[in-house]
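*Asks:* This one is query.txt, compact mmCIF, C-alpha atoms.
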```
# COMPACT_ATOMS: atom_id res chain seq x y z
CA MET I 448 103.60 85.58 108.40
CA ARG I 449 106.04 82.90 107.37
CA SER I 450 109.79 83.42 107.46
CA GLN I 451 111.59 85.02 104.52
CA TRP I 452 113.34 81.72 103.80
CA GLU I 453 110.04 79.79 103.76
CA ASN I 454 108.60 82.30 101.31
CA PHE I 455 111.72 81.95 99.15
CA LEU I 456 111.17 78.18 99.04
CA THR I 457 107.76 78.76 97.43
CA ASN I 458 109.67 79.56 94.23
CA LEU I 459 111.38 76.14 94.06
CA GLY I 460 110.87 74.25 90.84
CA ASP I 461 111.94 73.69 87.26
CA TRP I 462 110.84 76.75 85.29
CA GLU I 463 110.79 77.04 81.49
CA GLY I 464 110.43 80.45 79.92
CA SER I 465 112.18 83.34 78.27
CA PHE I 466 114.04 86.56 79.01
CA THR I 467 112.53 89.33 76.86
CA GLN I 468 114.31 92.65 76.59
CA VAL I 469 111.82 95.49 76.19
CA SER I 470 112.20 99.23 75.81
CA PRO I 471 110.64 101.50 78.46
CA ALA I 472 107.88 102.12 75.89
CA GLY I 473 107.13 98.38 75.77
CA GLU I 474 108.75 97.59 72.40
CA ILE I 475 110.03 94.00 72.20
CA LEU I 476 113.76 94.11 71.43
CA LYS I 477 115.05 90.57 71.95
CA ASP I 478 113.74 87.27 73.25
CA THR I 479 115.94 84.50 74.71
CA PRO I 480 114.54 81.08 75.77
CA SER I 481 115.52 80.06 79.30
CA ARG I 482 115.30 77.30 81.89
CA LEU I 483 115.67 77.98 85.61
CA LEU I 484 116.07 75.22 88.18
CA LEU I 485 115.62 76.19 91.83
CA GLU I 486 116.22 73.11 93.97
CA GLY I 487 116.30 72.65 97.71
CA LEU I 488 119.35 71.00 99.27
CA GLU I 489 119.99 69.55 102.75
CA ASP I 490 116.29 69.46 103.69
CA ASP I 491 115.82 72.90 102.14
CA LYS I 492 118.50 74.52 104.29
CA ALA I 493 120.20 75.55 101.05
CA VAL I 494 118.96 76.33 97.55
CA ARG I 495 120.83 75.87 94.30
CA LEU I 496 119.96 78.08 91.33
CA THR I 497 120.88 76.89 87.83
CA LEU I 498 119.93 79.27 85.03
CA ARG I 499 120.44 78.33 81.40
CA ARG I 500 119.73 80.73 78.55
CA PHE I 501 119.67 79.76 74.90
CA PRO I 502 120.38 82.81 72.70
CA PRO I 503 119.51 82.27 69.02
CA ASP I 504 122.60 81.48 66.94
CA SER I 505 124.85 81.53 70.04
CA PRO I 506 126.08 78.97 72.56
CA ALA I 507 123.95 78.49 75.66
CA ASP I 508 125.16 80.22 78.83
CA GLU I 509 124.79 78.92 82.36
CA VAL I 510 124.82 80.52 85.81
CA VAL I 511 124.96 78.44 89.00
CA ARG I 512 124.57 79.90 92.48
CA GLU I 513 123.94 78.49 95.93
CA TYR I 514 122.05 80.24 98.72
CA ARG I 515 122.08 79.53 102.45
CA SER I 516 120.76 82.92 103.49
CA LEU I 517 119.14 85.94 101.87
CA GLY I 518 120.69 89.34 101.25
CA LYS I 519 119.45 92.64 102.64
CA ASP I 520 118.37 93.76 99.18
CA ILE I 521 115.51 91.24 98.82
CA LEU I 522 112.17 90.72 100.56
CA PHE I 523 109.52 88.01 100.11
CA PHE I 524 105.82 87.78 100.90
CA ASP I 525 103.65 84.78 101.74
CA GLY I 526 103.01 82.98 98.47
CA GLY I 527 106.45 83.77 97.07
CA ALA I 528 106.09 87.27 95.58
CA PHE I 529 109.33 89.21 96.02
CA SER I 530 111.51 92.12 95.00
CA GLN I 531 115.27 92.44 94.91
CA GLY I 532 117.20 95.55 93.99
CA THR I 533 119.20 98.61 94.88
CA ILE I 534 119.38 99.42 98.60
CA GLN I 535 120.96 102.86 98.22
CA ARG I 536 121.04 104.81 94.99
CA SER I 537 124.47 106.09 93.96
CA PRO I 538 125.19 109.00 91.60
CA LEU I 539 127.91 106.90 89.93
CA SER I 540 126.09 103.69 89.03
CA ALA I 541 122.93 102.34 87.51
CA PHE I 542 120.12 101.30 89.85
CA GLY I 543 116.88 99.35 89.69
CA ALA I 544 114.97 96.33 90.88
CA GLU I 545 113.56 92.93 90.00
CA PHE I 546 109.95 92.07 90.83
CA GLY I 547 108.64 88.50 90.95
CA PHE I 548 105.16 86.95 91.15
CA VAL I 549 104.08 83.32 91.56
CA ALA I 550 100.65 81.92 90.65
CA ASP I 551 100.24 78.12 90.66
CA ASN I 552 102.36 76.83 87.76
CA ARG I 553 103.39 80.23 86.43
CA ARG I 554 105.87 82.90 87.43
CA LEU I 555 106.34 86.39 86.08
CA ARG I 556 109.36 88.57 86.76
CA LEU I 557 110.23 92.08 85.63
CA VAL I 558 113.59 93.85 85.90
CA GLU I 559 113.71 97.66 85.65
CA ILE I 560 117.15 99.29 85.29
CA PHE I 561 117.85 103.05 85.28
CA THR I 562 120.89 105.16 84.41
CA PRO I 563 122.80 106.96 87.18
CA GLU I 564 120.96 110.13 86.11
CA GLY I 565 117.61 108.44 86.74
CA ASP I 566 116.45 107.76 83.17
CA PRO I 567 114.76 104.43 82.34
CA ASP I 568 117.29 102.27 80.52
CA ARG I 569 116.91 98.48 80.26
CA PHE I 570 113.85 96.42 81.12
CA THR I 571 113.60 92.62 81.03
CA LEU I 572 110.34 90.67 81.18
CA ILE I 573 110.72 87.03 82.30
CA ARG I 574 107.76 84.71 81.70
CA GLU I 575 107.97 81.18 83.11
CA LYS I 576 105.89 78.04 83.65
CA ARG I 577 106.68 74.86 85.53
CA ALA I 578 108.30 72.28 83.27
CA GLY I 579 105.83 69.61 82.23
CA THR I 580 102.74 71.80 82.65
CA ASP I 581 100.67 73.57 80.03
CA ALA I 582 99.82 76.65 82.13
CA PRO I 583 98.78 79.26 79.54
CA GLU I 584 100.32 82.70 79.25
CA ARG I 585 98.07 85.71 79.79
CA PRO I 586 97.25 88.01 76.84
CA PRO I 587 99.14 91.32 76.59
CA LEU I 588 97.80 93.87 79.06
CA THR I 589 95.33 96.41 77.62
CA LEU I 590 93.69 99.54 78.94
CA GLU I 591 90.27 97.91 78.52
CA ALA I 592 91.32 95.14 80.91
CA LEU I 593 92.27 97.71 83.57
CA LEU I 594 89.21 99.96 83.40
CA GLY I 595 86.84 99.55 86.32
CA THR I 596 86.94 99.40 90.10
CA TRP I 597 89.41 97.22 91.98
CA GLU I 598 89.37 96.45 95.71
CA GLY I 599 91.90 94.60 97.80
CA GLU I 600 94.60 95.03 100.40
CA ALA I 601 98.17 96.28 100.55
CA VAL I 602 100.78 94.52 102.69
CA THR I 603 103.90 96.58 103.40
CA ILE I 604 107.16 95.43 104.94
CA SER I 605 110.56 97.10 105.18
CA PRO I 606 114.17 95.91 105.32
CA SER I 607 114.29 96.84 109.00
CA TRP I 608 110.73 95.89 110.04
CA LEU I 609 109.25 92.65 108.69
CA SER I 610 106.03 92.89 110.70
CA PRO I 611 103.49 93.70 107.97
CA ASP I 612 101.36 96.84 107.80
CA ILE I 613 98.07 95.89 106.10
CA VAL I 614 95.54 98.42 104.76
CA PRO I 615 92.53 98.14 102.42
CA THR I 616 92.82 99.50 98.89
CA ARG I 617 90.42 100.73 96.25
CA LEU I 618 91.39 101.73 92.71
CA GLU I 619 89.03 103.24 90.15
CA LEU I 620 90.13 103.69 86.54
CA ARG I 621 87.83 105.40 84.01
CA LEU I 622 87.97 107.57 80.91
CA ASP I 623 86.86 111.19 80.97
CA GLY I 624 85.12 113.05 78.15
CA GLY I 625 88.44 114.23 76.73
CA GLY I 626 89.97 110.79 76.30
CA ARG I 627 92.23 110.92 79.36
CA LEU I 628 92.43 108.21 81.98
CA VAL I 629 91.23 109.22 85.45
CA GLN I 630 92.63 107.28 88.39
CA THR I 631 91.31 107.45 91.95
CA LEU I 632 93.38 105.48 94.45
CA GLU I 633 92.47 104.87 98.10
CA PHE I 634 95.31 103.41 100.14
CA GLY I 635 94.13 103.05 103.72
CA THR I 636 93.16 106.59 104.74
CA VAL I 637 95.07 108.20 101.84
CA ARG I 638 93.14 109.17 98.69
CA VAL I 639 94.93 110.32 95.52
CA CYS I 640 93.42 111.41 92.20
CA SER I 641 95.45 111.72 89.00
CA THR I 642 95.00 111.66 85.22
CA ALA I 643 97.01 110.23 82.35
CA ARG I 644 97.24 110.68 78.62
CA ILE I 645 97.04 107.50 76.59
CA GLU I 646 99.52 106.68 73.83
CA ASP I 647 99.40 103.16 72.38
CA SER I 648 100.34 100.78 75.23
CA ASN I 649 101.60 103.53 77.54
CA LEU I 650 99.87 105.67 80.15
CA TYR I 651 101.56 108.98 81.03
CA PHE I 652 100.59 110.39 84.42
CA ASP I 653 102.03 113.83 83.69
CA ASP I 654 100.26 115.91 86.34
CA GLY I 655 102.57 114.91 89.20
CA SER I 656 106.23 115.35 90.09
CA PRO I 657 108.01 113.41 88.84
CA PRO I 658 105.77 112.32 85.92
CA VAL I 659 105.10 108.57 85.95
CA ARG I 660 104.64 106.14 83.06
CA VAL I 661 102.80 102.83 82.98
CA SER I 662 103.95 100.52 80.18
CA MET I 663 101.53 97.67 79.37
CA LEU I 664 103.39 94.48 78.44
CA PRO I 665 102.87 90.87 77.31
CA ASP I 666 101.47 88.23 79.70
CA GLY I 667 99.28 90.76 81.51
CA ALA I 668 102.33 92.55 82.91
CA SER I 669 102.89 96.25 83.54
CA ALA I 670 105.86 98.41 84.49
CA THR I 671 105.28 101.65 86.41
CA PHE I 672 108.19 104.03 86.81
CA PRO I 673 109.18 107.72 86.84
CA GLU I 674 109.97 109.30 83.48
CA ARG I 675 113.09 110.44 85.30
CA ALA I 676 113.92 109.84 88.96
CA PRO I 677 115.61 113.11 89.94
CA ARG I 678 118.00 113.10 92.86
CA GLY I 679 116.61 114.71 95.97
CA ASN I 680 113.06 113.49 95.31
CA PRO I 681 111.30 110.38 96.62
CA PHE I 682 110.16 107.93 93.96
CA PHE I 683 108.78 104.43 93.50
CA LEU I 684 109.14 101.53 91.08
CA GLU I 685 106.25 99.14 90.46
CA ALA I 686 105.39 95.99 88.54
CA GLY I 687 101.93 94.53 88.03
CA TRP I 688 100.49 91.24 86.80
CA LEU I 689 96.92 90.61 85.68
CA VAL I 690 96.83 87.03 86.94
CA GLU I 691 93.18 86.55 85.94
CA ASP I 692 90.63 88.79 84.23
CA ASN I 693 89.41 90.01 87.63
CA ARG I 694 92.57 89.57 89.73
CA ARG I 695 95.70 91.71 89.69
CA ASP I 696 98.83 91.74 91.86
CA ARG I 697 101.25 94.65 92.16
CA LEU I 698 104.63 95.11 93.87
CA ILE I 699 105.80 98.62 94.82
CA ARG I 700 109.35 99.45 95.90
CA ARG I 701 109.62 102.91 97.51
CA TYR I 702 112.71 105.10 97.86
CA SER I 703 113.37 108.22 99.94
CA GLU I 704 114.60 111.59 98.69
CA THR I 705 118.15 110.43 99.53
CA GLY I 706 117.77 107.30 97.37
CA GLU I 707 117.42 104.89 100.29
CA TRP I 708 115.14 101.88 99.83
CA LEU I 709 112.33 102.29 102.37
CA SER I 710 109.74 99.56 101.88
CA LEU I 711 108.13 96.94 99.68
CA THR I 712 104.35 96.71 99.21
CA TRP I 713 102.35 93.82 97.78
CA VAL I 714 98.89 94.81 96.53
CA ARG I 715 96.36 92.07 95.82
CA GLU I 716 93.16 93.36 94.25
CA ARG I 717 90.06 92.07 92.49
CA LYS I 718 87.79 93.82 90.03
CA VAL I 719 84.40 94.57 91.59
CA GLY I 720 82.93 96.88 88.93
CA GLN I 721 83.36 97.66 85.25
CA LYS I 722 83.48 101.16 83.73
```
Represent the supplied structure as structure tokens.
*Replies:*
Amino acid sequence: MRSQWENFLTNLGDWEGSFTQVSPAGEILKDTPSRLLLEGLEDDKAVRLTLRRFPPDSPADEVVREYRSLGKDILFFDGGAFSQGTIQRSPLSAFGAEFGFVADNRRLRLVEIFTPEGDPDRFTLIREKRAGTDAPERPPLTLEALLGTWEGEAVTISPSWLSPDIVPTRLELRLDGGGRLVQTLEFGTVRVCSTARIEDSNLYFDDGSPPVRVSMLPDGASATFPERAPRGNPFFLEAGWLVEDNRRDRLIRRYSETGEWLSLTWVRERKVGQK
């Protein structure tokens, strides 16, 4: 496994895109064009970030930052996928995470923010392509695109232990006779079955504690999150990206019952059967 800094450098480039504010239900609220330049300095010993956003009918805003090391709140995988976010949940402040994927000339990022009480609050979908390329955006994610059997592997690292734990995965998604979604997930030796009701572009897995929602978004993206993350209970936040019709990546950020960030998992899976 490459170093965290080397994986960070995979994201270097000139990225054109937009910041799209969405509701937890997937409703598009506001879209702002953007341009992000990530450039290596001093033989890539430092990285400068220059973000420009162009709000309609408002002056452009610019953020410039320079990095020589990485914080404890962010982890990268080989290929550049990453997540950055809250290390320890506090009862007095909002919490959440950003998830990022890289595939050739495209990037997709998703930010999920929650209130101090644990309710989903503000989500931002960031869709980018390398400047000068015509890499196409994926269609909005649909249930039909997810149905079937997916096989792959899950790579898990933690803030305190970067040596990866790798296990095979298998995910089966099908509809039952009553119109509910049935999910069977095998994660190494662990097997979990659950069902969800389907409402428009949202899947509600309401048979667990806490209930979990999957919101299907533009560009093949998905946000998975608890309907409410109660204090004293473990929970997870997840983002997914249907990179190709038969290839999907997911990032899962897990928290303990005390609100401590435990681990980050990168799932890479391919569709092997259609339901």
*Asks:* Residues within 7 Å of Pro657 of chain I, please, as a PDB file with C-alpha atoms, in the coordinates of the input. Count only C-alpha atoms; anything in the same chain fewer than 5 positions from it doesn't count.
*Replies:*
```
ATOM      1  CA  PRO I 673     109.180 107.720  86.840  1.00  0.00           C
ATOM      2  CA  ARG I 675     113.090 110.440  85.300  1.00  0.00           C
ATOM      3  CA  ALA I 676     113.920 109.840  88.960  1.00  0.00           C
TER       4      ALA I 676
END
```
*Asks:* Excluding Arg556 of chain I and residues on its chain fewer than 4 positions from it, collect all residues at most 6 Å away from it, counting all atoms listed in the file, and give them as a list in words.
*Replies:* Phe546, Gly547 and Ile573 of chain I
*Asks:* Please, which residues are within 10 Å of (121.5, 106.9, 89.0) by the file's coordinates, counting all atoms listed in the file, and could they come as a PyMOL selection string?
*Replies:* chain I and resi 536-543+560-567+675-678+706
*Asks:* Please write the residues from the selection above to a file, keeping C-alpha atoms, as a PDB file, in the frame of the given file.
*Replies:*
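Dumped everything to part-v3.pdb:
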```pdb
ATOM      1  CA  ARG I 536     121.040 104.810  94.990  1.00  0.00           C
ATOM      2  CA  SER I 537     124.470 106.090  93.960  1.00  0.00           C
ATOM      3  CA  PRO I 538     125.190 109.000  91.600  1.00  0.00           C
ATOM      4  CA  LEU I 539     127.910 106.900  89.930  1.00  0.00           C
ATOM      5  CA  SER I 540     126.090 103.690  89.030  1.00  0.00           C
ATOM      6  CA  ALA I 541     122.930 102.340  87.510  1.00  0.00           C
ATOM      7  CA  PHE I 542     120.120 101.300  89.850  1.00  0.00           C
ATOM      8  CA  GLY I 543     116.880  99.350  89.690  1.00  0.00           C
ATOM      9  CA  ILE I 560     117.150  99.290  85.290  1.00  0.00           C
ATOM     10  CA  PHE I 561     117.850 103.050  85.280  1.00  0.00           C
ATOM     11  CA  THR I 562     120.890 105.160  84.410  1.00  0.00           C
ATOM     12  CA  PRO I 563     122.800 106.960  87.180  1.00  0.00           C
ATOM     13  CA  GLU I 564     120.960 110.130  86.110  1.00  0.00           C
ATOM     14  CA  GLY I 565     117.610 108.440  86.740  1.00  0.00           C
ATOM     15  CA  ASP I 566     116.450 107.760  83.170  1.00  0.00           C
ATOM     16  CA  PRO I 567     114.760 104.430  82.340  1.00  0.00           C
ATOM     17  CA  ARG I 675     113.090 110.440  85.300  1.00  0.00           C
ATOM     18  CA  ALA I 676     113.920 109.840  88.960  1.00  0.00           C
ATOM     19  CA  PRO I 677     115.610 113.110  89.940  1.00  0.00           C
ATOM     20  CA  ARG I 678     118.000 113.100  92.860  1.00  0.00           C
ATOM     21  CA  GLY I 706     117.770 107.300  97.370  1.00  0.00           C
TER      22      GLY I 706
END
```
*Asks:* Any idea what the distance is between atom CA of Thr616 of chain I and atom CA of Thr631 of chain I?
*Replies:*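 So the two atoms, atom CA of Thr616 of chain I and atom CA of Thr631 of chain I, lie 10.7 Å apart.
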*Asks:* Given all atoms listed in the file as the basis, pick out the residue of I:Glu489, I:Asp551, I:Glu545, I:Glu646 nearest to Pro583 of chain I.
*Replies:*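 Between I:Glu489, I:Asp551, I:Glu545, I:Glu646, the residue approaching Pro583 of chain I most closely is I:Asp551.
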*Asks:* Could you check which of I:Arg638, I:Ala493, I:Leu684, I:Pro606 is closest to Val659 of chain I, using only C-alpha atoms?
*Replies:* I:Leu684
*Asks:* Can you tell me which residues surround segment 691-701 of chain I at a distance of at most 8 Å, considering only C-alpha atoms, apart from same-chain residues fewer than 3 positions away, and format the answer as a list in words?
*Replies:*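 Result of the neighbour search: Phe529, Ser530, Phe546, Phe548, Arg585, Ala592, Pro681, Phe682, Phe683, Leu684, Glu685, Ala686, Gly687, Trp688, Trp708, Leu709, Ser710, Leu711, Thr712, Trp713, Val714, Arg715, Glu716, Arg717, Lys718 and Val719 of chain I.
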*Asks:* Could you pull the residues within 7 Å of Ala578 of chain I, counting only C-alpha atoms, minus those fewer than 3 positions along the same chain, as a PyMOL selection string?
*Replies:* chain I and resi 461-463
*Asks:* How far is it from atom CA of Val690 of chain I to atom CA of Gly599 of chain I, in Å with one decimal?
*Replies:*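 Interatomic distance here is 14.1 Å.
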*Asks:* Please determine the residues with any atom at most 8 Å from (108.9, 83.7, 89.6) (coordinates as given in the file, with only C-alpha atoms counting) and report them as number ranges by chain.
*Replies:* I: 458, 527-528, 547-549, 553-556, 575
*Asks:* Interatomic distance between atom CA of Pro658 of chain I and atom CA of Pro471 of chain I?
*Replies:*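 One can read the atom CA of Pro658 of chain I to atom CA of Pro471 of chain I distance as 14.0 Å.
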*Asks:* Kindly indicate which residue among I:Gly464, I:Val639, I:Thr479, I:Ser607 lies nearest to Asn552 of chain I, using all atoms listed in the file for the distances.
*Replies:*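 Among the listed residues, the smallest separation from Asn552 of chain I belongs to I:Gly464.
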*Asks:* Pick out the closest residue to Trp608 of chain I from this set: I:Leu557, I:Leu593, I:Ala668, I:Leu522. Count all atoms listed in the file.
*Replies:*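 Of all the options, I:Leu522 lies closest to Trp608 of chain I.
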*Asks:* Starting from the sparse input, extend segment 592-617 of chain I to N, CA and C atoms and give the output as a PDB file, keeping the file's coordinate frame.
*Replies:*
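Saved the output as result_39.pdb:
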```pdb
ATOM      1  N   ALA I 592      91.287  96.116  79.827  1.00  0.00           N
ATOM      2  CA  ALA I 592      91.320  95.140  80.910  1.00  0.00           C
ATOM      3  C   ALA I 592      91.472  95.806  82.277  1.00  0.00           C
ATOM      4  N   LEU I 593      92.033  97.015  82.304  1.00  0.00           N
ATOM      5  CA  LEU I 593      92.270  97.710  83.570  1.00  0.00           C
ATOM      6  C   LEU I 593      91.097  98.565  84.004  1.00  0.00           C
ATOM      7  N   LEU I 594      90.293  99.045  83.060  1.00  0.00           N
ATOM      8  CA  LEU I 594      89.210  99.960  83.400  1.00  0.00           C
ATOM      9  C   LEU I 594      88.224  99.291  84.352  1.00  0.00           C
ATOM     10  N   GLY I 595      87.790 100.054  85.346  1.00  0.00           N
ATOM     11  CA  GLY I 595      86.840  99.550  86.320  1.00  0.00           C
ATOM     12  C   GLY I 595      87.272  99.869  87.732  1.00  0.00           C
ATOM     13  N   THR I 596      86.660  99.185  88.687  1.00  0.00           N
ATOM     14  CA  THR I 596      86.940  99.400  90.100  1.00  0.00           C
ATOM     15  C   THR I 596      87.564  98.135  90.689  1.00  0.00           C
ATOM     16  N   TRP I 597      88.664  98.327  91.385  1.00  0.00           N
ATOM     17  CA  TRP I 597      89.410  97.220  91.980  1.00  0.00           C
ATOM     18  C   TRP I 597      89.492  97.437  93.492  1.00  0.00           C
ATOM     19  N   GLU I 598      89.247  96.381  94.253  1.00  0.00           N
ATOM     20  CA  GLU I 598      89.370  96.450  95.710  1.00  0.00           C
ATOM     21  C   GLU I 598      90.272  95.328  96.202  1.00  0.00           C
ATOM     22  N   GLY I 599      91.008  95.617  97.269  1.00  0.00           N
ATOM     23  CA  GLY I 599      91.900  94.600  97.800  1.00  0.00           C
ATOM     24  C   GLY I 599      92.584  95.064  99.065  1.00  0.00           C
ATOM     25  N   GLU I 600      93.824  94.629  99.238  1.00  0.00           N
ATOM     26  CA  GLU I 600      94.600  95.030 100.400  1.00  0.00           C
ATOM     27  C   GLU I 600      96.064  95.181 100.018  1.00  0.00           C
ATOM     28  N   ALA I 601      96.743  96.036 100.756  1.00  0.00           N
ATOM     29  CA  ALA I 601      98.170  96.280 100.550  1.00  0.00           C
ATOM     30  C   ALA I 601      98.920  95.839 101.799  1.00  0.00           C
ATOM     31  N   VAL I 602      99.936  95.006 101.592  1.00  0.00           N
ATOM     32  CA  VAL I 602     100.780  94.520 102.690  1.00  0.00           C
ATOM     33  C   VAL I 602     102.162  95.136 102.506  1.00  0.00           C
ATOM     34  N   THR I 603     102.619  95.885 103.497  1.00  0.00           N
ATOM     35  CA  THR I 603     103.900  96.580 103.400  1.00  0.00           C
ATOM     36  C   THR I 603     104.864  96.085 104.464  1.00  0.00           C
ATOM     37  N   ILE I 604     106.082  95.769 104.029  1.00  0.00           N
ATOM     38  CA  ILE I 604     107.160  95.430 104.940  1.00  0.00           C
ATOM     39  C   ILE I 604     108.375  96.271 104.564  1.00  0.00           C
ATOM     40  N   SER I 605     109.358  96.319 105.445  1.00  0.00           N
ATOM     41  CA  SER I 605     110.560  97.100 105.180  1.00  0.00           C
ATOM     42  C   SER I 605     111.783  96.274 105.518  1.00  0.00           C
ATOM     43  N   PRO I 606     112.948  96.669 105.002  1.00  0.00           N
ATOM     44  CA  PRO I 606     114.170  95.910 105.320  1.00  0.00           C
ATOM     45  C   PRO I 606     114.452  95.826 106.809  1.00  0.00           C
ATOM     46  N   SER I 607     113.994  96.811 107.568  1.00  0.00           N
ATOM     47  CA  SER I 607     114.290  96.840 109.000  1.00  0.00           C
ATOM     48  C   SER I 607     113.116  96.402 109.867  1.00  0.00           C
ATOM     49  N   TRP I 608     111.921  96.223 109.256  1.00  0.00           N
ATOM     50  CA  TRP I 608     110.730  95.890 110.040  1.00  0.00           C
ATOM     51  C   TRP I 608     109.858  94.957 109.225  1.00  0.00           C
ATOM     52  N   LEU I 609     109.946  93.644 109.489  1.00  0.00           N
ATOM     53  CA  LEU I 609     109.250  92.650 108.690  1.00  0.00           C
ATOM     54  C   LEU I 609     107.820  92.417 109.141  1.00  0.00           C
ATOM     55  N   SER I 610     107.417  93.006 110.282  1.00  0.00           N
ATOM     56  CA  SER I 610     106.030  92.890 110.700  1.00  0.00           C
ATOM     57  C   SER I 610     105.160  93.678 109.720  1.00  0.00           C
ATOM     58  N   PRO I 611     104.184  93.033 109.063  1.00  0.00           N
ATOM     59  CA  PRO I 611     103.490  93.700 107.970  1.00  0.00           C
ATOM     60  C   PRO I 611     102.493  94.758 108.426  1.00  0.00           C
ATOM     61  N   ASP I 612     102.402  95.832 107.643  1.00  0.00           N
ATOM     62  CA  ASP I 612     101.360  96.840 107.800  1.00  0.00           C
ATOM     63  C   ASP I 612     100.340  96.577 106.695  1.00  0.00           C
ATOM     64  N   ILE I 613      99.086  96.300 107.068  1.00  0.00           N
ATOM     65  CA  ILE I 613      98.070  95.890 106.100  1.00  0.00           C
ATOM     66  C   ILE I 613      96.943  96.921 106.095  1.00  0.00           C
ATOM     67  N   VAL I 614      96.615  97.439 104.893  1.00  0.00           N
ATOM     68  CA  VAL I 614      95.540  98.420 104.760  1.00  0.00           C
ATOM     69  C   VAL I 614      94.671  98.025 103.563  1.00  0.00           C
ATOM     70  N   PRO I 615      93.389  98.397 103.586  1.00  0.00           N
ATOM     71  CA  PRO I 615      92.530  98.140 102.420  1.00  0.00           C
ATOM     72  C   PRO I 615      92.858  99.099 101.291  1.00  0.00           C
ATOM     73  N   THR I 616      92.580  98.662 100.066  1.00  0.00           N
ATOM     74  CA  THR I 616      92.820  99.500  98.890  1.00  0.00           C
ATOM     75  C   THR I 616      91.588  99.522  97.999  1.00  0.00           C
ATOM     76  N   ARG I 617      91.470 100.603  97.262  1.00  0.00           N
ATOM     77  CA  ARG I 617      90.420 100.730  96.250  1.00  0.00           C
ATOM     78  C   ARG I 617      90.992 101.557  95.101  1.00  0.00           C
TER      79      ARG I 617
END
```
